Amino acid sequence: MIEYIRGELADLTPALAVVEANGVGYALNISLNTYSALQGKKEVKLYVHESLMTGGRDDNFTLYGFAMKQERQLYQLLITVSGVGANTARMILSSLTPSELCNVIANGDDKMLKTVKGIGLKTAQRIIVDLKDKIVQSGIAEELHVSRQPGAPNVNSAVKDEAVGALTMLGFSPAPSAKIVTAILSEAPDLPVEQVVKLALKQIK
């Protein structure tokens, strides 16, 4: 079993990293989070998940690489959920950072999970139900400083959802948008949607 690969980054695309170690080039499937973490680096270390798909004439052996141990742990937890395959798990980890994903699961935010391409409401709810306790038991939540929020009674969820939807349509990522919108509404609960969007646009980088 391969725990990690350390070596020279020979090639990098948003979906694949090739790491040369001891004269061997290892092709590893990666998420956008790991892609961002690797940019500009020559020497890298990737934590590995090995996947062997059997069936048909050929066995398909695939390596997945992660810049953080916690991201690999989350990936391995995600693929245990019924309906979540390797590509769906990678898509989730490309849309949300490990910390954001832990927060989403810990706080039962199925609407945020639904913003990930290929995730429907039932799958989002299944991920939350299956993994809510596991992310705490595994220690990932603590390592990423995730806390379960009792809920934000001051935040108008309808306004929040509409504002996040508007920002998403403008091309901004849902997770950071939701964070900023929630912060704005916590301070000014009665703001209308258009004002929330205007303020969020000033804060989003």
# chains A, B, ... in the order shown; residues from 1 in each chain; ligands from 1
call {"tool": "residues_around", "arguments": {"residues": "Ala124 in chain A", "least_positions_apart": "5", "cutoff": "12 Å", "atoms": "only C-alpha atoms", "output": "NGL selection string"}}
result
:A and (78 or 81-84 or 88-89 or 92 or 101 or 104-105 or 108-119 or 129-132)
call {"tool": "select_by_dssp", "arguments": {"residues": "range 1-187 of chain A", "states": "helix (DSSP H, G or I)", "output": "mmCIF file with N, CA and C atoms, in the first residue's frame"}}
result
data_model
loop_
_atom_site.group_PDB
_atom_site.id
_atom_site.type_symbol
_atom_site.label_atom_id
_atom_site.label_comp_id
_atom_site.auth_asym_id
_atom_site.auth_seq_id
_atom_site.Cartn_x
_atom_site.Cartn_y
_atom_site.Cartn_z
ATOM 1 N N LEU A 32 -9.411 20.042 -7.328
ATOM 2 C CA LEU A 32 -8.986 21.432 -7.557
ATOM 3 C C LEU A 32 -8.306 22.022 -6.323
ATOM 4 N N ASN A 33 -8.686 21.540 -5.136
ATOM 5 C CA ASN A 33 -8.017 21.995 -3.908
ATOM 6 C C ASN A 33 -6.542 21.634 -3.939
ATOM 7 N N THR A 34 -6.257 20.378 -4.323
ATOM 8 C CA THR A 34 -4.864 19.927 -4.395
ATOM 9 C C THR A 34 -4.137 20.625 -5.534
ATOM 10 N N TYR A 35 -4.825 20.831 -6.641
ATOM 11 C CA TYR A 35 -4.239 21.553 -7.783
ATOM 12 C C TYR A 35 -3.754 22.938 -7.350
ATOM 13 N N SER A 36 -4.609 23.640 -6.594
ATOM 14 C CA SER A 36 -4.234 24.980 -6.098
ATOM 15 C C SER A 36 -3.029 24.909 -5.167
ATOM 16 N N ALA A 37 -3.001 23.884 -4.322
ATOM 17 C CA ALA A 37 -1.910 23.737 -3.353
ATOM 18 C C ALA A 37 -0.577 23.419 -4.035
ATOM 19 N N LEU A 38 -0.629 22.786 -5.209
ATOM 20 C CA LEU A 38 0.601 22.366 -5.891
ATOM 21 C C LEU A 38 1.170 23.421 -6.824
ATOM 22 N N LYS A 69 -3.622 15.338 4.355
ATOM 23 C CA LYS A 69 -4.115 14.049 4.866
ATOM 24 C C LYS A 69 -5.626 14.086 5.098
ATOM 25 N N GLN A 70 -6.099 15.242 5.591
ATOM 26 C CA GLN A 70 -7.526 15.359 5.899
ATOM 27 C C GLN A 70 -8.377 15.265 4.638
ATOM 28 N N GLU A 71 -7.847 15.800 3.525
ATOM 29 C CA GLU A 71 -8.608 15.715 2.273
ATOM 30 C C GLU A 71 -8.720 14.259 1.829
ATOM 31 N N ARG A 72 -7.645 13.498 1.998
ATOM 32 C CA ARG A 72 -7.696 12.076 1.652
ATOM 33 C C ARG A 72 -8.698 11.346 2.550
ATOM 34 N N GLN A 73 -8.684 11.661 3.848
ATOM 35 C CA GLN A 73 -9.637 11.030 4.769
ATOM 36 C C GLN A 73 -11.078 11.323 4.359
ATOM 37 N N LEU A 74 -11.343 12.576 3.989
ATOM 38 C CA LEU A 74 -12.690 12.941 3.572
ATOM 39 C C LEU A 74 -13.082 12.221 2.293
ATOM 40 N N TYR A 75 -12.146 12.106 1.364
ATOM 41 C CA TYR A 75 -12.394 11.378 0.117
ATOM 42 C C TYR A 75 -12.764 9.928 0.434
ATOM 43 N N GLN A 76 -11.993 9.312 1.309
ATOM 44 C CA GLN A 76 -12.236 7.905 1.653
ATOM 45 C C GLN A 76 -13.565 7.727 2.380
ATOM 46 N N LEU A 77 -13.973 8.722 3.144
ATOM 47 C CA LEU A 77 -15.286 8.668 3.787
ATOM 48 C C LEU A 77 -16.402 8.854 2.761
ATOM 49 N N LEU A 78 -16.205 9.796 1.844
ATOM 50 C CA LEU A 78 -17.237 10.088 0.832
ATOM 51 C C LEU A 78 -17.556 8.872 -0.028
ATOM 52 N N ALA A 86 -16.066 7.567 -7.178
ATOM 53 C CA ALA A 86 -14.767 8.240 -7.139
ATOM 54 C C ALA A 86 -14.823 9.633 -7.759
ATOM 55 N N ASN A 87 -15.463 9.745 -8.925
ATOM 56 C CA ASN A 87 -15.511 11.044 -9.602
ATOM 57 C C ASN A 87 -16.392 12.041 -8.860
ATOM 58 N N THR A 88 -17.493 11.553 -8.284
ATOM 59 C CA THR A 88 -18.378 12.447 -7.524
ATOM 60 C C THR A 88 -17.659 12.965 -6.279
ATOM 61 N N ALA A 89 -16.936 12.076 -5.602
ATOM 62 C CA ALA A 89 -16.181 12.485 -4.409
ATOM 63 C C ALA A 89 -15.137 13.541 -4.777
ATOM 64 N N ARG A 90 -14.472 13.334 -5.909
ATOM 65 C CA ARG A 90 -13.464 14.316 -6.339
ATOM 66 C C ARG A 90 -14.125 15.643 -6.711
ATOM 67 N N MET A 91 -15.320 15.578 -7.311
ATOM 68 C CA MET A 91 -16.052 16.799 -7.675
ATOM 69 C C MET A 91 -16.420 17.593 -6.419
ATOM 70 N N ILE A 92 -16.849 16.866 -5.373
ATOM 71 C CA ILE A 92 -17.205 17.531 -4.106
ATOM 72 C C ILE A 92 -15.978 18.240 -3.535
ATOM 73 N N LEU A 93 -14.824 17.560 -3.567
ATOM 74 C CA LEU A 93 -13.600 18.132 -3.007
ATOM 75 C C LEU A 93 -12.965 19.172 -3.930
ATOM 76 N N SER A 94 -13.506 19.305 -5.134
ATOM 77 C CA SER A 94 -13.067 20.380 -6.022
ATOM 78 C C SER A 94 -13.940 21.616 -5.830
ATOM 79 N N SER A 95 -15.156 21.399 -5.308
ATOM 80 C CA SER A 95 -16.099 22.502 -5.111
ATOM 81 C C SER A 95 -15.996 23.120 -3.720
ATOM 82 N N PRO A 98 -11.656 21.152 2.306
ATOM 83 C CA PRO A 98 -11.928 20.208 3.385
ATOM 84 C C PRO A 98 -12.648 20.840 4.574
ATOM 85 N N SER A 99 -12.236 22.043 4.964
ATOM 86 C CA SER A 99 -12.884 22.733 6.093
ATOM 87 C C SER A 99 -14.340 23.057 5.786
ATOM 88 N N GLU A 100 -14.577 23.560 4.561
ATOM 89 C CA GLU A 100 -15.944 23.910 4.163
ATOM 90 C C GLU A 100 -16.830 22.667 4.125
ATOM 91 N N LEU A 101 -16.288 21.554 3.581
ATOM 92 C CA LEU A 101 -17.060 20.317 3.498
ATOM 93 C C LEU A 101 -17.416 19.811 4.892
ATOM 94 N N CYS A 102 -16.444 19.850 5.811
ATOM 95 C CA CYS A 102 -16.711 19.426 7.187
ATOM 96 C C CYS A 102 -17.791 20.294 7.823
ATOM 97 N N ASN A 103 -17.730 21.591 7.589
ATOM 98 C CA ASN A 103 -18.743 22.503 8.132
ATOM 99 C C ASN A 103 -20.126 22.193 7.577
ATOM 100 N N VAL A 104 -20.162 21.950 6.268
ATOM 101 C CA VAL A 104 -21.429 21.641 5.595
ATOM 102 C C VAL A 104 -22.047 20.370 6.187
ATOM 103 N N ILE A 105 -21.214 19.334 6.376
ATOM 104 C CA ILE A 105 -21.704 18.061 6.920
ATOM 105 C C ILE A 105 -22.106 18.230 8.390
ATOM 106 N N ALA A 106 -21.248 18.875 9.172
ATOM 107 C CA ALA A 106 -21.504 19.034 10.610
ATOM 108 C C ALA A 106 -22.782 19.818 10.882
ATOM 109 N N ASP A 110 -27.619 20.666 3.539
ATOM 110 C CA ASP A 110 -27.790 19.906 2.292
ATOM 111 C C ASP A 110 -27.925 20.819 1.076
ATOM 112 N N LYS A 111 -28.393 22.054 1.293
ATOM 113 C CA LYS A 111 -28.531 22.993 0.164
ATOM 114 C C LYS A 111 -27.171 23.326 -0.437
ATOM 115 N N MET A 112 -26.167 23.481 0.423
ATOM 116 C CA MET A 112 -24.823 23.776 -0.073
ATOM 117 C C MET A 112 -24.251 22.584 -0.832
ATOM 118 N N LEU A 113 -24.470 21.376 -0.313
ATOM 119 C CA LEU A 113 -23.991 20.174 -1.009
ATOM 120 C C LEU A 113 -24.656 20.012 -2.361
ATOM 121 N N LYS A 114 -25.916 20.424 -2.449
ATOM 122 C CA LYS A 114 -26.660 20.304 -3.714
ATOM 123 C C LYS A 114 -26.099 21.202 -4.808
ATOM 124 N N LEU A 121 -30.643 16.111 -3.963
ATOM 125 C CA LEU A 121 -31.028 16.276 -2.555
ATOM 126 C C LEU A 121 -30.846 14.982 -1.757
ATOM 127 N N LYS A 122 -31.269 13.848 -2.321
ATOM 128 C CA LYS A 122 -31.172 12.578 -1.585
ATOM 129 C C LYS A 122 -29.722 12.213 -1.289
ATOM 130 N N THR A 123 -28.854 12.401 -2.279
ATOM 131 C CA THR A 123 -27.435 12.086 -2.068
ATOM 132 C C THR A 123 -26.827 13.030 -1.038
ATOM 133 N N ALA A 124 -27.181 14.317 -1.131
ATOM 134 C CA ALA A 124 -26.672 15.309 -0.170
ATOM 135 C C ALA A 124 -27.078 14.926 1.252
ATOM 136 N N GLN A 125 -28.346 14.543 1.414
ATOM 137 C CA GLN A 125 -28.833 14.169 2.748
ATOM 138 C C GLN A 125 -28.168 12.888 3.240
ATOM 139 N N ARG A 126 -27.921 11.955 2.307
ATOM 140 C CA ARG A 126 -27.275 10.691 2.682
ATOM 141 C C ARG A 126 -25.848 10.942 3.154
ATOM 142 N N ILE A 127 -25.134 11.829 2.459
ATOM 143 C CA ILE A 127 -23.760 12.176 2.848
ATOM 144 C C ILE A 127 -23.749 12.732 4.277
ATOM 145 N N ILE A 128 -24.687 13.634 4.556
ATOM 146 C CA ILE A 128 -24.750 14.262 5.880
ATOM 147 C C ILE A 128 -25.074 13.230 6.962
ATOM 148 N N VAL A 129 -26.091 12.405 6.715
ATOM 149 C CA VAL A 129 -26.504 11.394 7.701
ATOM 150 C C VAL A 129 -25.378 10.389 7.954
ATOM 151 N N ASP A 130 -24.749 9.915 6.858
ATOM 152 C CA ASP A 130 -23.714 8.875 6.992
ATOM 153 C C ASP A 130 -22.427 9.390 7.629
ATOM 154 N N LEU A 131 -22.088 10.658 7.363
ATOM 155 C CA LEU A 131 -20.750 11.129 7.747
ATOM 156 C C LEU A 131 -20.716 12.112 8.918
ATOM 157 N N LYS A 132 -21.862 12.569 9.366
ATOM 158 C CA LYS A 132 -21.899 13.581 10.433
ATOM 159 C C LYS A 132 -21.106 13.134 11.660
ATOM 160 N N ASP A 133 -21.379 11.917 12.123
ATOM 161 C CA ASP A 133 -20.682 11.411 13.307
ATOM 162 C C ASP A 133 -19.253 10.976 12.982
ATOM 163 N N LYS A 134 -19.065 10.456 11.764
ATOM 164 C CA LYS A 134 -17.744 9.926 11.389
ATOM 165 C C LYS A 134 -16.678 11.011 11.326
ATOM 166 N N ILE A 135 -17.049 12.221 10.872
ATOM 167 C CA ILE A 135 -16.026 13.277 10.788
ATOM 168 C C ILE A 135 -15.587 13.732 12.180
ATOM 169 N N VAL A 136 -16.476 13.538 13.167
ATOM 170 C CA VAL A 136 -16.104 13.863 14.552
ATOM 171 C C VAL A 136 -15.267 12.729 15.139
ATOM 172 N N GLN A 137 -15.743 11.485 14.944
ATOM 173 C CA GLN A 137 -15.041 10.315 15.499
ATOM 174 C C GLN A 137 -13.640 10.155 14.910
ATOM 175 N N ILE A 140 -11.166 14.410 12.121
ATOM 176 C CA ILE A 140 -10.977 15.396 11.041
ATOM 177 C C ILE A 140 -11.586 16.739 11.434
ATOM 178 N N ALA A 141 -12.787 16.686 11.990
ATOM 179 C CA ALA A 141 -13.477 17.931 12.354
ATOM 180 C C ALA A 141 -12.640 18.759 13.325
ATOM 181 N N GLU A 142 -12.042 18.078 14.301
ATOM 182 C CA GLU A 142 -11.221 18.792 15.286
ATOM 183 C C GLU A 142 -9.955 19.350 14.643
ATOM 184 N N GLU A 143 -9.330 18.544 13.774
ATOM 185 C CA GLU A 143 -8.104 18.998 13.100
ATOM 186 C C GLU A 143 -8.361 20.227 12.234
ATOM 187 N N SER A 157 -33.144 32.710 6.169
ATOM 188 C CA SER A 157 -32.648 31.686 5.239
ATOM 189 C C SER A 157 -33.117 31.922 3.810
ATOM 190 N N ALA A 158 -34.307 32.473 3.642
ATOM 191 C CA ALA A 158 -34.818 32.738 2.285
ATOM 192 C C ALA A 158 -33.960 33.795 1.589
ATOM 193 N N VAL A 159 -33.649 34.856 2.328
ATOM 194 C CA VAL A 159 -32.798 35.923 1.775
ATOM 195 C C VAL A 159 -31.389 35.385 1.512
ATOM 196 N N LYS A 160 -30.892 34.584 2.461
ATOM 197 C CA LYS A 160 -29.552 34.001 2.304
ATOM 198 C C LYS A 160 -29.480 33.143 1.036
ATOM 199 N N ASP A 161 -30.462 32.249 0.862
ATOM 200 C CA ASP A 161 -30.457 31.352 -0.295
ATOM 201 C C ASP A 161 -30.545 32.126 -1.604
ATOM 202 N N GLU A 162 -31.389 33.165 -1.605
ATOM 203 C CA GLU A 162 -31.561 33.961 -2.829
ATOM 204 C C GLU A 162 -30.276 34.729 -3.160
ATOM 205 N N ALA A 163 -29.644 35.284 -2.121
ATOM 206 C CA ALA A 163 -28.405 36.042 -2.318
ATOM 207 C C ALA A 163 -27.269 35.144 -2.813
ATOM 208 N N VAL A 164 -27.142 33.969 -2.186
ATOM 209 C CA VAL A 164 -26.101 33.015 -2.604
ATOM 210 C C VAL A 164 -26.357 32.550 -4.033
ATOM 211 N N GLY A 165 -27.640 32.327 -4.355
ATOM 212 C CA GLY A 165 -28.002 31.919 -5.720
ATOM 213 C C GLY A 165 -27.621 32.983 -6.736
ATOM 214 N N ALA A 166 -27.871 34.246 -6.389
ATOM 215 C CA ALA A 166 -27.528 35.355 -7.288
ATOM 216 C C ALA A 166 -26.014 35.448 -7.490
ATOM 217 N N LEU A 167 -25.260 35.308 -6.405
ATOM 218 C CA LEU A 167 -23.797 35.383 -6.493
ATOM 219 C C LEU A 167 -23.231 34.209 -7.286
ATOM 220 N N THR A 168 -23.854 33.034 -7.126
ATOM 221 C CA THR A 168 -23.412 31.851 -7.876
ATOM 222 C C THR A 168 -23.629 32.071 -9.369
ATOM 223 N N MET A 169 -24.781 32.668 -9.725
ATOM 224 C CA MET A 169 -25.071 32.951 -11.135
ATOM 225 C C MET A 169 -24.099 33.973 -11.712
ATOM 226 N N PRO A 174 -20.118 28.913 -4.482
ATOM 227 C CA PRO A 174 -21.189 28.936 -3.469
ATOM 228 C C PRO A 174 -20.700 28.996 -2.026
ATOM 229 N N ALA A 175 -19.665 28.197 -1.700
ATOM 230 C CA ALA A 175 -19.242 28.115 -0.300
ATOM 231 C C ALA A 175 -18.739 29.458 0.251
ATOM 232 N N PRO A 176 -17.769 30.130 -0.423
ATOM 233 C CA PRO A 176 -17.320 31.429 0.090
ATOM 234 C C PRO A 176 -18.448 32.460 0.087
ATOM 235 N N SER A 177 -19.313 32.402 -0.926
ATOM 236 C CA SER A 177 -20.440 33.345 -1.007
ATOM 237 C C SER A 177 -21.361 33.183 0.201
ATOM 238 N N ALA A 178 -21.669 31.931 0.539
ATOM 239 C CA ALA A 178 -22.566 31.660 1.674
ATOM 240 C C ALA A 178 -21.971 32.177 2.976
ATOM 241 N N LYS A 179 -20.646 32.018 3.100
ATOM 242 C CA LYS A 179 -19.965 32.459 4.325
ATOM 243 C C LYS A 179 -20.114 33.974 4.495
ATOM 244 N N ILE A 180 -19.888 34.701 3.393
ATOM 245 C CA ILE A 180 -19.959 36.166 3.436
ATOM 246 C C ILE A 180 -21.401 36.632 3.647
ATOM 247 N N VAL A 181 -22.343 36.010 2.933
ATOM 248 C CA VAL A 181 -23.760 36.377 3.064
ATOM 249 C C VAL A 181 -24.249 36.141 4.496
ATOM 250 N N THR A 182 -23.867 35.018 5.091
ATOM 251 C CA THR A 182 -24.261 34.716 6.470
ATOM 252 C C THR A 182 -23.715 35.762 7.435
ATOM 253 N N ALA A 183 -22.466 36.151 7.221
ATOM 254 C CA ALA A 183 -21.850 37.171 8.086
ATOM 255 C C ALA A 183 -22.581 38.508 7.967
ATOM 256 N N ILE A 184 -22.941 38.871 6.735
ATOM 257 C CA ILE A 184 -23.657 40.141 6.506
ATOM 258 C C ILE A 184 -25.021 40.109 7.191
ATOM 259 N N LEU A 185 -25.761 39.005 7.024
ATOM 260 C CA LEU A 185 -27.100 38.903 7.593
ATOM 261 C C LEU A 185 -27.077 38.765 9.116
ATOM 262 N N SER A 186 -25.994 38.247 9.660
ATOM 263 C CA SER A 186 -25.869 38.147 11.115
ATOM 264 C C SER A 186 -25.786 39.535 11.737
ATOM 265 N N GLU A 187 -25.136 40.445 11.007
ATOM 266 C CA GLU A 187 -24.980 41.809 11.515
ATOM 267 C C GLU A 187 -26.195 42.676 11.180
#
call {"tool": "select_by_dssp", "arguments": {"residues": "range 14-55 of chain A", "states": "strand (DSSP E)", "output": "list in words"}}
result
Leu16, Ala17, Val18, Val19, Glu20, Ala21, Val24, Gly25, Tyr26, Ala27, Leu28, Asn29, Glu43, Val44, Lys45, Leu46, Tyr47, Val48, His49, Glu50, Ser51, Leu52 and Met53 of chain A
call {"tool": "write_last_selection", "arguments": {"atoms": "N, CA, C and O atoms", "output": "PDB file, in the first residue's frame"}}
result
ATOM      1  N   LEU A  16      -5.021  16.268 -12.913  1.00  0.00           N
ATOM      2  CA  LEU A  16      -3.971  15.239 -12.846  1.00  0.00           C
ATOM      3  C   LEU A  16      -2.614  15.849 -12.484  1.00  0.00           C
ATOM      4  O   LEU A  16      -2.248  16.910 -12.980  1.00  0.00           O
ATOM      5  N   ALA A  17      -1.899  15.156 -11.608  1.00  0.00           N
ATOM      6  CA  ALA A  17      -0.519  15.542 -11.281  1.00  0.00           C
ATOM      7  C   ALA A  17       0.382  14.352 -11.579  1.00  0.00           C
ATOM      8  O   ALA A  17       0.053  13.212 -11.254  1.00  0.00           O
ATOM      9  N   VAL A  18       1.510  14.626 -12.236  1.00  0.00           N
ATOM     10  CA  VAL A  18       2.505  13.580 -12.479  1.00  0.00           C
ATOM     11  C   VAL A  18       3.717  13.886 -11.604  1.00  0.00           C
ATOM     12  O   VAL A  18       4.328  14.952 -11.721  1.00  0.00           O
ATOM     13  N   VAL A  19       4.009  12.964 -10.695  1.00  0.00           N
ATOM     14  CA  VAL A  19       5.128  13.143  -9.770  1.00  0.00           C
ATOM     15  C   VAL A  19       6.202  12.111 -10.090  1.00  0.00           C
ATOM     16  O   VAL A  19       5.922  10.910 -10.144  1.00  0.00           O
ATOM     17  N   GLU A  20       7.434  12.597 -10.324  1.00  0.00           N
ATOM     18  CA  GLU A  20       8.543  11.684 -10.607  1.00  0.00           C
ATOM     19  C   GLU A  20       9.306  11.396  -9.317  1.00  0.00           C
ATOM     20  O   GLU A  20       9.811  12.292  -8.650  1.00  0.00           O
ATOM     21  N   ALA A  21       9.353  10.113  -8.959  1.00  0.00           N
ATOM     22  CA  ALA A  21      10.066   9.687  -7.758  1.00  0.00           C
ATOM     23  C   ALA A  21      10.948   8.498  -8.115  1.00  0.00           C
ATOM     24  O   ALA A  21      10.449   7.486  -8.623  1.00  0.00           O
ATOM     25  N   VAL A  24      10.567   7.081 -11.618  1.00  0.00           N
ATOM     26  CA  VAL A  24       9.249   6.606 -12.038  1.00  0.00           C
ATOM     27  C   VAL A  24       8.259   7.770 -11.986  1.00  0.00           C
ATOM     28  O   VAL A  24       8.207   8.513 -10.999  1.00  0.00           O
ATOM     29  N   GLY A  25       7.473   7.938 -13.050  1.00  0.00           N
ATOM     30  CA  GLY A  25       6.460   8.994 -13.083  1.00  0.00           C
ATOM     31  C   GLY A  25       5.106   8.447 -12.667  1.00  0.00           C
ATOM     32  O   GLY A  25       4.548   7.566 -13.324  1.00  0.00           O
ATOM     33  N   TYR A  26       4.586   8.938 -11.558  1.00  0.00           N
ATOM     34  CA  TYR A  26       3.287   8.486 -11.054  1.00  0.00           C
ATOM     35  C   TYR A  26       2.206   9.492 -11.451  1.00  0.00           C
ATOM     36  O   TYR A  26       2.318  10.677 -11.140  1.00  0.00           O
ATOM     37  N   ALA A  27       1.167   9.016 -12.141  1.00  0.00           N
ATOM     38  CA  ALA A  27       0.042   9.876 -12.511  1.00  0.00           C
ATOM     39  C   ALA A  27      -1.031   9.745 -11.434  1.00  0.00           C
ATOM     40  O   ALA A  27      -1.521   8.645 -11.165  1.00  0.00           O
ATOM     41  N   LEU A  28      -1.365  10.861 -10.813  1.00  0.00           N
ATOM     42  CA  LEU A  28      -2.352  10.849  -9.729  1.00  0.00           C
ATOM     43  C   LEU A  28      -3.519  11.776 -10.056  1.00  0.00           C
ATOM     44  O   LEU A  28      -3.316  12.933 -10.431  1.00  0.00           O
ATOM     45  N   ASN A  29      -4.725  11.249  -9.925  1.00  0.00           N
ATOM     46  CA  ASN A  29      -5.921  12.080 -10.066  1.00  0.00           C
ATOM     47  C   ASN A  29      -6.010  13.004  -8.860  1.00  0.00           C
ATOM     48  O   ASN A  29      -5.817  12.555  -7.722  1.00  0.00           O
ATOM     49  N   GLU A  43       9.067  20.493  -5.823  1.00  0.00           N
ATOM     50  CA  GLU A  43       9.072  19.269  -5.022  1.00  0.00           C
ATOM     51  C   GLU A  43       7.745  19.172  -4.276  1.00  0.00           C
ATOM     52  O   GLU A  43       7.333  20.132  -3.619  1.00  0.00           O
ATOM     53  N   VAL A  44       7.083  18.022  -4.385  1.00  0.00           N
ATOM     54  CA  VAL A  44       5.767  17.891  -3.756  1.00  0.00           C
ATOM     55  C   VAL A  44       5.653  16.571  -2.996  1.00  0.00           C
ATOM     56  O   VAL A  44       6.424  15.634  -3.229  1.00  0.00           O
ATOM     57  N   LYS A  45       4.682  16.531  -2.109  1.00  0.00           N
ATOM     58  CA  LYS A  45       4.352  15.302  -1.388  1.00  0.00           C
ATOM     59  C   LYS A  45       2.845  15.133  -1.447  1.00  0.00           C
ATOM     60  O   LYS A  45       2.094  16.022  -1.023  1.00  0.00           O
ATOM     61  N   LEU A  46       2.397  14.018  -2.008  1.00  0.00           N
ATOM     62  CA  LEU A  46       0.969  13.756  -2.119  1.00  0.00           C
ATOM     63  C   LEU A  46       0.599  12.484  -1.364  1.00  0.00           C
ATOM     64  O   LEU A  46       1.247  11.452  -1.524  1.00  0.00           O
ATOM     65  N   TYR A  47      -0.438  12.586  -0.541  1.00  0.00           N
ATOM     66  CA  TYR A  47      -0.970  11.406   0.144  1.00  0.00           C
ATOM     67  C   TYR A  47      -1.819  10.630  -0.851  1.00  0.00           C
ATOM     68  O   TYR A  47      -2.593  11.218  -1.613  1.00  0.00           O
ATOM     69  N   VAL A  48      -1.668   9.322  -0.855  1.00  0.00           N
ATOM     70  CA  VAL A  48      -2.217   8.500  -1.936  1.00  0.00           C
ATOM     71  C   VAL A  48      -3.397   7.646  -1.475  1.00  0.00           C
ATOM     72  O   VAL A  48      -3.401   7.090  -0.375  1.00  0.00           O
ATOM     73  N   HIS A  49      -4.397   7.568  -2.357  1.00  0.00           N
ATOM     74  CA  HIS A  49      -5.459   6.572  -2.222  1.00  0.00           C
ATOM     75  C   HIS A  49      -5.412   5.709  -3.480  1.00  0.00           C
ATOM     76  O   HIS A  49      -5.442   6.226  -4.599  1.00  0.00           O
ATOM     77  N   GLU A  50      -5.320   4.405  -3.283  1.00  0.00           N
ATOM     78  CA  GLU A  50      -5.252   3.478  -4.415  1.00  0.00           C
ATOM     79  C   GLU A  50      -6.639   2.907  -4.692  1.00  0.00           C
ATOM     80  O   GLU A  50      -7.334   2.496  -3.770  1.00  0.00           O
ATOM     81  N   SER A  51      -7.001   2.888  -5.963  1.00  0.00           N
ATOM     82  CA  SER A  51      -8.304   2.361  -6.347  1.00  0.00           C
ATOM     83  C   SER A  51      -8.127   1.293  -7.420  1.00  0.00           C
ATOM     84  O   SER A  51      -7.503   1.540  -8.456  1.00  0.00           O
ATOM     85  N   LEU A  52      -8.661   0.120  -7.157  1.00  0.00           N
ATOM     86  CA  LEU A  52      -8.593  -0.974  -8.127  1.00  0.00           C
ATOM     87  C   LEU A  52     -10.012  -1.334  -8.545  1.00  0.00           C
ATOM     88  O   LEU A  52     -10.816  -1.808  -7.741  1.00  0.00           O
ATOM     89  N   MET A  53     -10.329  -1.049  -9.808  1.00  0.00           N
ATOM     90  CA  MET A  53     -11.647  -1.374 -10.347  1.00  0.00           C
ATOM     91  C   MET A  53     -11.531  -2.663 -11.145  1.00  0.00           C
ATOM     92  O   MET A  53     -10.745  -2.738 -12.103  1.00  0.00           O
TER      93      MET A  53
END
call {"tool": "atom_distance", "arguments": {"atom1": "CA of Ser138 in chain A", "atom2": "CA of Met68 in chain A"}}
result
15.0 Å
call {"tool": "atom_distance", "arguments": {"atom1": "CA of Leu9 in chain A", "atom2": "CA of Lys42 in chain A"}}
result
5.3 Å
call {"tool": "closest_residue", "arguments": {"among": "A:Ala15, A:Ser173, A:Val197, A:Met1", "to": "Leu96 in chain A", "atoms": "only C-alpha atoms"}}
result
A:Ser173
call {"tool": "closest_residue", "arguments": {"among": "A:Phe61, A:Ile79, A:Gly139, A:Ile30", "to": "Thr13 in chain A", "atoms": "only C-alpha atoms"}}
result
A:Ile30
